[in-house]
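Containing mmCIF, C-alpha atoms: entry.cif.
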```
data_upload
#
loop_
_atom_site.label_atom_id
_atom_site.label_comp_id
_atom_site.auth_asym_id
_atom_site.auth_seq_id
_atom_site.Cartn_x
_atom_site.Cartn_y
_atom_site.Cartn_z
CA MET A 1 21.96 17.90 -4.32
CA ASN A 2 20.77 15.31 -1.82
CA SER A 3 18.27 12.86 -3.31
CA ASP A 4 17.54 10.92 -0.11
CA SER A 5 13.87 11.01 0.79
CA ASP A 6 12.71 11.23 4.39
CA LEU A 7 11.59 7.60 4.18
CA GLN A 8 15.01 6.46 2.99
CA ILE A 9 16.61 8.33 5.86
CA ALA A 10 14.12 7.22 8.51
CA GLY A 11 13.64 3.67 7.26
CA ASP A 12 10.30 1.91 7.64
CA ILE A 13 7.81 4.48 8.96
CA LEU A 14 5.99 1.75 10.90
CA GLU A 15 9.19 1.10 12.86
CA VAL A 16 9.64 4.75 13.84
CA THR A 17 6.76 5.15 16.27
CA HIS A 18 7.56 8.74 17.23
CA LEU A 19 6.90 9.80 13.61
CA LEU A 20 3.36 8.39 13.57
CA GLN A 21 0.52 10.80 14.19
CA PRO A 22 -1.83 10.06 17.10
CA ALA A 23 -4.86 8.08 16.00
CA ARG A 24 -7.88 10.22 15.15
CA GLU A 25 -11.31 9.02 16.21
CA HIS A 26 -12.02 8.06 12.59
CA PRO A 27 -8.83 7.44 10.60
CA ALA A 28 -8.54 8.27 6.92
CA THR A 29 -4.96 7.31 5.95
CA VAL A 30 -2.94 4.11 6.18
CA ALA A 31 -0.77 5.62 8.92
CA GLU A 32 -3.88 6.59 10.91
CA PHE A 33 -5.32 3.06 10.59
CA VAL A 34 -1.98 1.68 11.82
CA GLY A 35 -2.16 4.16 14.70
CA LEU A 36 -5.71 3.09 15.55
CA ALA A 37 -4.60 -0.56 15.62
CA ARG A 38 -1.68 0.29 17.92
CA THR A 39 -3.95 2.28 20.22
CA ILE A 40 -6.42 -0.60 20.53
CA ALA A 41 -3.62 -3.14 20.95
CA ALA A 42 -2.07 -1.13 23.78
CA ASP A 43 -5.34 -0.94 25.74
CA ARG A 44 -6.15 -4.55 26.70
CA THR A 45 -9.33 -3.38 28.47
CA GLN A 46 -10.85 -2.80 25.00
CA TRP A 47 -10.45 -6.40 23.85
CA ALA A 48 -8.97 -8.96 26.28
CA HIS A 49 -12.26 -9.71 28.10
CA LEU A 50 -13.97 -10.47 24.76
CA VAL A 51 -11.55 -13.14 23.50
CA GLU A 52 -12.86 -16.69 23.23
CA TYR A 53 -11.15 -19.78 21.83
CA ASP A 54 -13.00 -22.31 19.71
CA ALA A 55 -11.32 -25.58 18.77
CA THR A 56 -13.77 -26.27 15.92
CA SER A 57 -13.51 -22.97 14.01
CA ARG A 58 -11.74 -19.64 14.16
CA TRP A 59 -13.50 -17.28 16.56
CA TYR A 60 -14.07 -13.66 15.52
CA HIS A 61 -15.85 -10.63 16.91
CA ARG A 62 -16.49 -7.24 15.30
CA LEU A 63 -15.00 -4.86 17.85
CA ARG A 64 -16.12 -1.58 16.31
CA THR A 65 -17.11 0.19 13.13
CA GLY A 66 -16.58 3.71 11.85
CA PRO A 67 -17.30 5.60 8.67
CA GLY A 68 -16.27 3.10 5.99
CA TYR A 69 -14.16 0.79 8.18
CA GLU A 70 -14.49 -2.05 10.67
CA VAL A 71 -12.27 -3.51 13.38
CA TRP A 72 -12.29 -7.28 14.03
CA LEU A 73 -10.81 -9.36 16.83
CA LEU A 74 -9.83 -12.97 15.98
CA SER A 75 -8.48 -15.86 18.03
CA TRP A 76 -6.47 -18.78 16.69
CA VAL A 77 -5.87 -22.04 18.50
CA PRO A 78 -2.87 -24.12 17.40
CA GLY A 79 -3.40 -25.53 13.91
CA GLN A 80 -6.10 -23.07 12.82
CA GLY A 81 -5.59 -21.09 9.63
CA SER A 82 -7.42 -18.88 7.19
CA GLY A 83 -6.51 -20.63 3.94
CA PRO A 84 -5.19 -18.58 1.01
CA HIS A 85 -7.45 -15.56 0.49
CA ASP A 86 -7.59 -11.87 -0.33
CA HIS A 87 -9.89 -9.16 1.02
CA GLY A 88 -11.74 -8.10 -2.11
CA HIS A 89 -11.80 -4.31 -2.44
CA SER A 90 -10.64 -3.73 1.15
CA SER A 91 -7.24 -2.64 2.37
CA GLY A 92 -6.23 -3.71 5.84
CA VAL A 93 -4.00 -3.68 8.88
CA LEU A 94 -3.29 -6.96 10.70
CA THR A 95 -1.85 -6.66 14.22
CA VAL A 96 -0.84 -9.66 16.33
CA LEU A 97 -1.97 -9.00 19.90
CA GLU A 98 -0.87 -12.24 21.60
CA GLY A 99 1.00 -15.35 20.51
CA GLU A 100 2.50 -15.93 17.10
CA LEU A 101 1.00 -16.35 13.65
CA THR A 102 2.60 -17.39 10.38
CA GLU A 103 1.82 -15.53 7.16
CA ARG A 104 2.43 -17.26 3.83
CA THR A 105 2.43 -15.48 0.48
CA GLU A 106 3.74 -16.37 -2.95
CA ARG A 107 6.99 -14.66 -1.85
CA GLY A 108 7.51 -16.94 1.16
CA GLN A 109 6.52 -17.00 4.79
CA ARG A 110 7.18 -14.95 7.87
CA ALA A 111 6.61 -15.34 11.58
CA LEU A 112 4.40 -12.63 13.08
CA GLY A 113 4.95 -12.24 16.82
CA ALA A 114 2.98 -10.14 19.28
CA GLY A 115 3.17 -6.47 18.27
CA THR A 116 3.87 -7.21 14.61
CA GLN A 117 1.75 -5.32 12.07
CA ARG A 118 1.15 -6.04 8.39
CA VAL A 119 -0.48 -3.54 6.03
CA PHE A 120 -2.03 -4.78 2.79
CA ALA A 121 -3.84 -3.40 -0.24
CA PRO A 122 -6.82 -4.85 -2.14
CA GLY A 123 -5.94 -8.07 -3.95
CA TYR A 124 -3.14 -9.04 -1.54
CA VAL A 125 -3.26 -12.85 -1.26
CA HIS A 126 -2.02 -14.49 1.92
CA ASP A 127 -2.63 -17.45 4.22
CA VAL A 128 -2.46 -16.78 7.95
CA GLY A 129 -2.36 -19.48 10.59
CA ASN A 130 -1.21 -20.52 14.01
CA ASP A 131 1.65 -22.99 13.62
CA SER A 132 2.72 -22.63 17.26
CA PHE A 133 1.72 -24.62 20.34
CA GLU A 134 0.00 -21.65 22.04
CA PRO A 135 -3.19 -19.73 21.15
CA ALA A 136 -2.91 -16.38 19.37
CA VAL A 137 -5.09 -13.27 19.11
CA SER A 138 -5.06 -10.74 16.26
CA LEU A 139 -6.73 -7.45 15.39
CA HIS A 140 -7.83 -6.67 11.82
CA ILE A 141 -8.92 -3.31 10.44
CA TYR A 142 -10.52 -3.22 6.98
CA TYR A 143 -11.19 -0.12 4.87
CA PRO A 144 -13.69 -0.14 3.35
CA GLY A 145 -15.42 -2.68 5.58
CA LEU A 146 -14.89 -6.29 4.54
CA THR A 147 -17.63 -7.44 2.16
CA ASP A 148 -15.73 -10.10 0.21
CA MET A 149 -12.99 -12.58 1.08
CA PRO A 150 -12.28 -14.66 -2.03
CA MET A 151 -10.47 -17.92 -1.35
CA HIS A 152 -7.58 -18.94 -3.63
CA ALA A 153 -5.93 -22.17 -4.66
CA ALA A 154 -2.97 -23.15 -2.49
CA GLN A 155 -0.67 -20.72 -4.29
CA CYS A 156 0.78 -19.60 -0.94
CA GLY A 157 2.22 -23.03 -0.28
CA VAL A 158 0.95 -25.93 1.75
CA ARG A 159 0.41 -25.26 5.45
CA ALA A 160 2.84 -27.39 7.42
CA ALA A 161 2.73 -28.22 11.11
CA ALA A 162 6.09 -26.53 11.62
CA PRO A 163 7.94 -24.40 9.07
CA ALA A 164 11.45 -25.34 8.02
CA ALA A 165 14.08 -23.27 9.83
CA GLY A 166 15.40 -21.74 6.61
CA ASP A 167 11.93 -20.66 5.43
CA VAL A 168 11.02 -18.34 8.31
CA VAL A 169 11.61 -14.62 7.97
CA THR A 170 11.30 -12.84 11.33
CA VAL A 171 9.70 -9.41 11.13
#
```
Please express what this file holds, its structure, as structure tokens.
Amino acid sequence: MNSDSDLQIAGDILEVTHLLQPAREHPATVAEFVGLARTIAADRTQWAHLVEYDATSRWYHRLRTGPGYEVWLLSWVPGQGSGPHDHGHSSGVLTVLEGELTERTERGQRALGAGTQRVFAPGYVHDVGNDSFEPAVSLHIYYPGLTDMPMHAAQCGVRAAAPAAGDVVTV
């Protein structure tokens, strides 16, 4: 008897794009929210003309809403970061559209390059920032819509200007 599941055989479902269903107009599952993010990311005409950069604070723009979810566009100039936070009762999909961001969690840090996606559940604590020398743009989908973003003590580690070579995990 073969006990391998389809996921074990296929690997990470987010890395096997041909297995993802096309995005519905209003997604209802994690895979459909990931698909929506990929669809928006692939069509620069939906977001590129809206992006602004602000050296004094992170810029953000609500791109769209749907039944129970919202889509946000954020820009990050070098040195800007979110600080350690979670998303209250919301789950989410973070997609890097341009540039590179660094995500820190209690488990370590990872570089998130253009095209990288992260999926998270309620209560997931992370610190996202731009440690590079170039601006970055990201897309965030929250379900349900983001109503709370509690900040946390620096449990994700101190934000450094440049991460140590051994600390970076490339996704």
**OP:** Step by step, work through what the PyMOL selection byres ((chain A and resi 92) around 7) selects in the shown file, and finish by giving those residues as a list in words.
**Re:**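 When the PyMOL selection byres ((chain A and resi 92) around 7) is applied, the selected residues are Ser90, Ser91, Val93, Leu94, Val119, Phe120, Ala121, His140, Ile141, Tyr142 and Tyr143 of chain A.
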Within 6 Å of (-11.4, -3.9, -5.7), in the coordinates the file gives, what residues turn up when you count only C-alpha atoms, written out as a PDB file with C-alpha atoms, in the coordinates of the input?
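Contents of point29.pdb, as written:
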```pdb
ATOM      1  CA  GLY A  88     -11.740  -8.100  -2.110  1.00  0.00           C
ATOM      2  CA  HIS A  89     -11.800  -4.310  -2.440  1.00  0.00           C
ATOM      3  CA  PRO A 122      -6.820  -4.850  -2.140  1.00  0.00           C
TER       4      PRO A 122
END
```
**OP:** Write out as a list in words which residues come within 10 Å of A:Glu98 when counting all atoms listed in the file, dropping same-chain ones fewer than 4 positions away.
**Re:**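 Selected residues are Ala41, Ala48, Ser75, Trp76, Gly113, Ala114, Gly115, Thr116, Glu134, Pro135, Ala136, Val137, Ser138 and Leu139 of chain A.
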Those same residues - C-alpha atoms - I'd like them written as a CSV table (one decimal), keeping the file's coordinate frame.
```
chain,number,residue,atom,x,y,z
A,41,ALA,CA,-3.6,-3.1,21.0
A,48,ALA,CA,-9.0,-9.0,26.3
A,75,SER,CA,-8.5,-15.9,18.0
A,76,TRP,CA,-6.5,-18.8,16.7
A,113,GLY,CA,5.0,-12.2,16.8
A,114,ALA,CA,3.0,-10.1,19.3
A,115,GLY,CA,3.2,-6.5,18.3
A,116,THR,CA,3.9,-7.2,14.6
A,134,GLU,CA,0.0,-21.6,22.0
A,135,PRO,CA,-3.2,-19.7,21.2
A,136,ALA,CA,-2.9,-16.4,19.4
A,137,VAL,CA,-5.1,-13.3,19.1
A,138,SER,CA,-5.1,-10.7,16.3
A,139,LEU,CA,-6.7,-7.4,15.4
```
Subject >> For A:His126: contacts at 7 Å, all atoms listed in the file, fewer than 3 positions along chain excluded, given as a list in words >> reply: Pro84, His85, Asp86, Glu103, Arg104, Thr105 and Cys156 of chain A
Original post:
Out of A:Phe133, A:Phe33, A:Tyr124, A:Tyr53, which residue has the shortest atom-to-atom distance to A:Leu74 when counting only C-alpha atoms?
Top reply: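 Between A:Phe133, A:Phe33, A:Tyr124, A:Tyr53, the residue approaching A:Leu74 most closely is A:Tyr53.
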**OP:** Specify as a VMD selection string each residue included when the PyMOL selection byres ((chain A and resi 55) around 10) is applied to this file.
**Re:** chain A and resid 53 to 54 56 to 59 76 to 80
Subject >> Using all atoms listed in the file: which of A:Gly145, A:Gly99, A:Pro27, A:Gly83 has the shortest distance to A:Val125 >> reply: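 Of A:Gly145, A:Gly99, A:Pro27, A:Gly83, the one nearest A:Val125 is A:Gly83, counting all atoms listed in the file.
Between atom CA of A:Val30 and atom CA of A:Gly68 lies a distance of 13.4 Å.
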**OP:** Would you work out the distance separating atom CA of A:Tyr60 from atom CA of A:Gly123, expressed in Å to one decimal?
**Re:**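 A separation of 21.8 Å between them.
Across the model, the gap from atom CA of A:Gly35 to atom CA of A:Thr95 is 10.8 Å.
Proximity to A:His26 was assessed for A:Thr102, A:Thr147, A:Thr65, A:Asn130 counting only C-alpha atoms; the smallest distance is recorded for A:Thr65.
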**OP:** Name all residues at most 12 Å from A:His49 (count all atoms listed in the file; drop same-chain ones fewer than 5 positions away) and give them as a list in words.
**Re:** Asp43, Arg44, His61, Leu63 and Leu73 of chain A
Original post:
Which is closer to A:Gln117 than all the others in A:Leu97, A:Gln46, A:Glu52, A:Asp131, using all atoms listed in the file?
Top reply: A:Leu97
N, CA, C and O atoms of stretch 116-148 of chain A, written as an mmCIF file, in the first residue's frame:
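Written file, decode-v9.cif:
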```
data_model
loop_
_atom_site.group_PDB
_atom_site.id
_atom_site.type_symbol
_atom_site.label_atom_id
_atom_site.label_comp_id
_atom_site.auth_asym_id
_atom_site.auth_seq_id
_atom_site.Cartn_x
_atom_site.Cartn_y
_atom_site.Cartn_z
ATOM 1 N N THR A 116 8.018 36.022 -5.078
ATOM 2 C CA THR A 116 7.880 35.192 -3.893
ATOM 3 C C THR A 116 6.544 35.451 -3.215
ATOM 4 O O THR A 116 6.094 36.594 -3.134
ATOM 5 N N GLN A 117 5.907 34.380 -2.744
ATOM 6 C CA GLN A 117 4.648 34.507 -2.009
ATOM 7 C C GLN A 117 4.784 33.841 -0.655
ATOM 8 O O GLN A 117 5.450 32.814 -0.513
ATOM 9 N N ARG A 118 4.155 34.454 0.347
ATOM 10 C CA ARG A 118 4.079 33.885 1.697
ATOM 11 C C ARG A 118 2.603 33.842 2.069
ATOM 12 O O ARG A 118 1.868 34.796 1.840
ATOM 13 N N VAL A 119 2.173 32.735 2.623
ATOM 14 C CA VAL A 119 0.801 32.560 3.095
ATOM 15 C C VAL A 119 0.866 32.443 4.607
ATOM 16 O O VAL A 119 1.727 31.743 5.141
ATOM 17 N N PHE A 120 -0.037 33.137 5.316
ATOM 18 C CA PHE A 120 -0.001 33.084 6.770
ATOM 19 C C PHE A 120 -1.412 33.032 7.343
ATOM 20 O O PHE A 120 -2.365 33.494 6.731
ATOM 21 N N ALA A 121 -1.489 32.455 8.527
ATOM 22 C CA ALA A 121 -2.754 32.296 9.250
ATOM 23 C C ALA A 121 -2.861 33.358 10.339
ATOM 24 O O ALA A 121 -1.881 34.031 10.651
ATOM 25 N N PRO A 122 -4.043 33.510 10.933
ATOM 26 C CA PRO A 122 -4.189 34.462 12.051
ATOM 27 C C PRO A 122 -3.162 34.168 13.144
ATOM 28 O O PRO A 122 -2.850 33.006 13.420
ATOM 29 N N GLY A 123 -2.627 35.225 13.726
ATOM 30 C CA GLY A 123 -1.663 35.073 14.816
ATOM 31 C C GLY A 123 -0.226 34.918 14.373
ATOM 32 O O GLY A 123 0.678 34.877 15.209
ATOM 33 N N TYR A 124 0.031 34.838 13.079
ATOM 34 C CA TYR A 124 1.397 34.693 12.569
ATOM 35 C C TYR A 124 2.141 36.009 12.767
ATOM 36 O O TYR A 124 1.746 37.043 12.237
ATOM 37 N N VAL A 125 3.221 35.975 13.556
ATOM 38 C CA VAL A 125 3.990 37.185 13.866
ATOM 39 C C VAL A 125 5.211 37.246 12.953
ATOM 40 O O VAL A 125 5.979 36.285 12.859
ATOM 41 N N HIS A 126 5.351 38.385 12.274
ATOM 42 C CA HIS A 126 6.537 38.587 11.449
ATOM 43 C C HIS A 126 6.868 40.079 11.382
ATOM 44 O O HIS A 126 6.084 40.934 11.776
ATOM 45 N N ASP A 127 8.057 40.353 10.890
ATOM 46 C CA ASP A 127 8.556 41.713 10.675
ATOM 47 C C ASP A 127 9.059 41.739 9.239
ATOM 48 O O ASP A 127 9.915 40.946 8.862
ATOM 49 N N VAL A 128 8.489 42.599 8.420
ATOM 50 C CA VAL A 128 8.866 42.674 7.014
ATOM 51 C C VAL A 128 9.520 44.025 6.769
ATOM 52 O O VAL A 128 9.055 45.047 7.275
ATOM 53 N N GLY A 129 10.595 44.027 5.996
ATOM 54 C CA GLY A 129 11.259 45.295 5.708
ATOM 55 C C GLY A 129 12.101 45.222 4.457
ATOM 56 O O GLY A 129 12.358 44.146 3.918
ATOM 57 N N ASN A 130 12.522 46.389 4.024
ATOM 58 C CA ASN A 130 13.379 46.498 2.848
ATOM 59 C C ASN A 130 14.799 46.773 3.323
ATOM 60 O O ASN A 130 15.136 47.894 3.681
ATOM 61 N N ASP A 131 15.625 45.743 3.307
ATOM 62 C CA ASP A 131 17.027 45.854 3.704
ATOM 63 C C ASP A 131 17.937 46.083 2.503
ATOM 64 O O ASP A 131 19.149 46.139 2.653
ATOM 65 N N SER A 132 17.362 46.191 1.316
ATOM 66 C CA SER A 132 18.165 46.346 0.102
ATOM 67 C C SER A 132 18.420 47.829 -0.185
ATOM 68 O O SER A 132 17.995 48.704 0.574
ATOM 69 N N PHE A 133 19.073 48.096 -1.294
ATOM 70 C CA PHE A 133 19.364 49.470 -1.699
ATOM 71 C C PHE A 133 18.388 49.984 -2.754
ATOM 72 O O PHE A 133 18.536 51.083 -3.262
ATOM 73 N N GLU A 134 17.392 49.183 -3.106
ATOM 74 C CA GLU A 134 16.409 49.545 -4.131
ATOM 75 C C GLU A 134 15.002 49.499 -3.524
ATOM 76 O O GLU A 134 14.743 48.728 -2.613
ATOM 77 N N PRO A 135 14.067 50.302 -4.049
ATOM 78 C CA PRO A 135 12.684 50.237 -3.559
ATOM 79 C C PRO A 135 12.049 48.882 -3.869
ATOM 80 O O PRO A 135 12.515 48.158 -4.761
ATOM 81 N N ALA A 136 10.998 48.558 -3.144
ATOM 82 C CA ALA A 136 10.265 47.307 -3.350
ATOM 83 C C ALA A 136 8.768 47.608 -3.339
ATOM 84 O O ALA A 136 8.325 48.607 -2.769
ATOM 85 N N VAL A 137 7.998 46.721 -3.964
ATOM 86 C CA VAL A 137 6.543 46.826 -3.993
ATOM 87 C C VAL A 137 5.983 45.449 -3.650
ATOM 88 O O VAL A 137 6.491 44.424 -4.124
ATOM 89 N N SER A 138 4.944 45.421 -2.825
ATOM 90 C CA SER A 138 4.323 44.150 -2.448
ATOM 91 C C SER A 138 2.806 44.255 -2.504
ATOM 92 O O SER A 138 2.232 45.338 -2.414
ATOM 93 N N LEU A 139 2.180 43.102 -2.656
ATOM 94 C CA LEU A 139 0.728 42.968 -2.705
ATOM 95 C C LEU A 139 0.317 42.117 -1.509
ATOM 96 O O LEU A 139 0.947 41.088 -1.229
ATOM 97 N N HIS A 140 -0.740 42.540 -0.812
ATOM 98 C CA HIS A 140 -1.200 41.832 0.382
ATOM 99 C C HIS A 140 -2.699 41.588 0.260
ATOM 100 O O HIS A 140 -3.456 42.522 -0.004
ATOM 101 N N ILE A 141 -3.106 40.335 0.451
ATOM 102 C CA ILE A 141 -4.528 40.003 0.470
ATOM 103 C C ILE A 141 -4.845 39.498 1.866
ATOM 104 O O ILE A 141 -4.151 38.619 2.388
ATOM 105 N N TYR A 142 -5.898 40.058 2.471
ATOM 106 C CA TYR A 142 -6.320 39.669 3.816
ATOM 107 C C TYR A 142 -7.746 39.147 3.780
ATOM 108 O O TYR A 142 -8.620 39.758 3.169
ATOM 109 N N TYR A 143 -7.965 37.993 4.460
ATOM 110 C CA TYR A 143 -9.298 37.422 4.582
ATOM 111 C C TYR A 143 -9.489 36.932 6.013
ATOM 112 O O TYR A 143 -8.718 36.105 6.462
ATOM 113 N N PRO A 144 -10.450 37.414 6.742
ATOM 114 C CA PRO A 144 -11.300 38.553 6.389
ATOM 115 C C PRO A 144 -10.464 39.827 6.318
ATOM 116 O O PRO A 144 -9.307 39.840 6.705
ATOM 117 N N GLY A 145 -11.079 40.897 5.831
ATOM 118 C CA GLY A 145 -10.383 42.170 5.693
ATOM 119 C C GLY A 145 -9.669 42.545 6.978
ATOM 120 O O GLY A 145 -10.118 42.227 8.082
ATOM 121 N N LEU A 146 -8.551 43.221 6.842
ATOM 122 C CA LEU A 146 -7.703 43.568 7.984
ATOM 123 C C LEU A 146 -8.379 44.625 8.860
ATOM 124 O O LEU A 146 -8.655 45.724 8.410
ATOM 125 N N THR A 147 -8.665 44.255 10.102
ATOM 126 C CA THR A 147 -9.255 45.203 11.058
ATOM 127 C C THR A 147 -8.343 45.454 12.243
ATOM 128 O O THR A 147 -8.573 46.380 13.006
ATOM 129 N N ASP A 148 -7.309 44.622 12.398
ATOM 130 C CA ASP A 148 -6.427 44.723 13.550
ATOM 131 C C ASP A 148 -5.033 44.292 13.133
ATOM 132 O O ASP A 148 -4.873 43.312 12.402
#
```
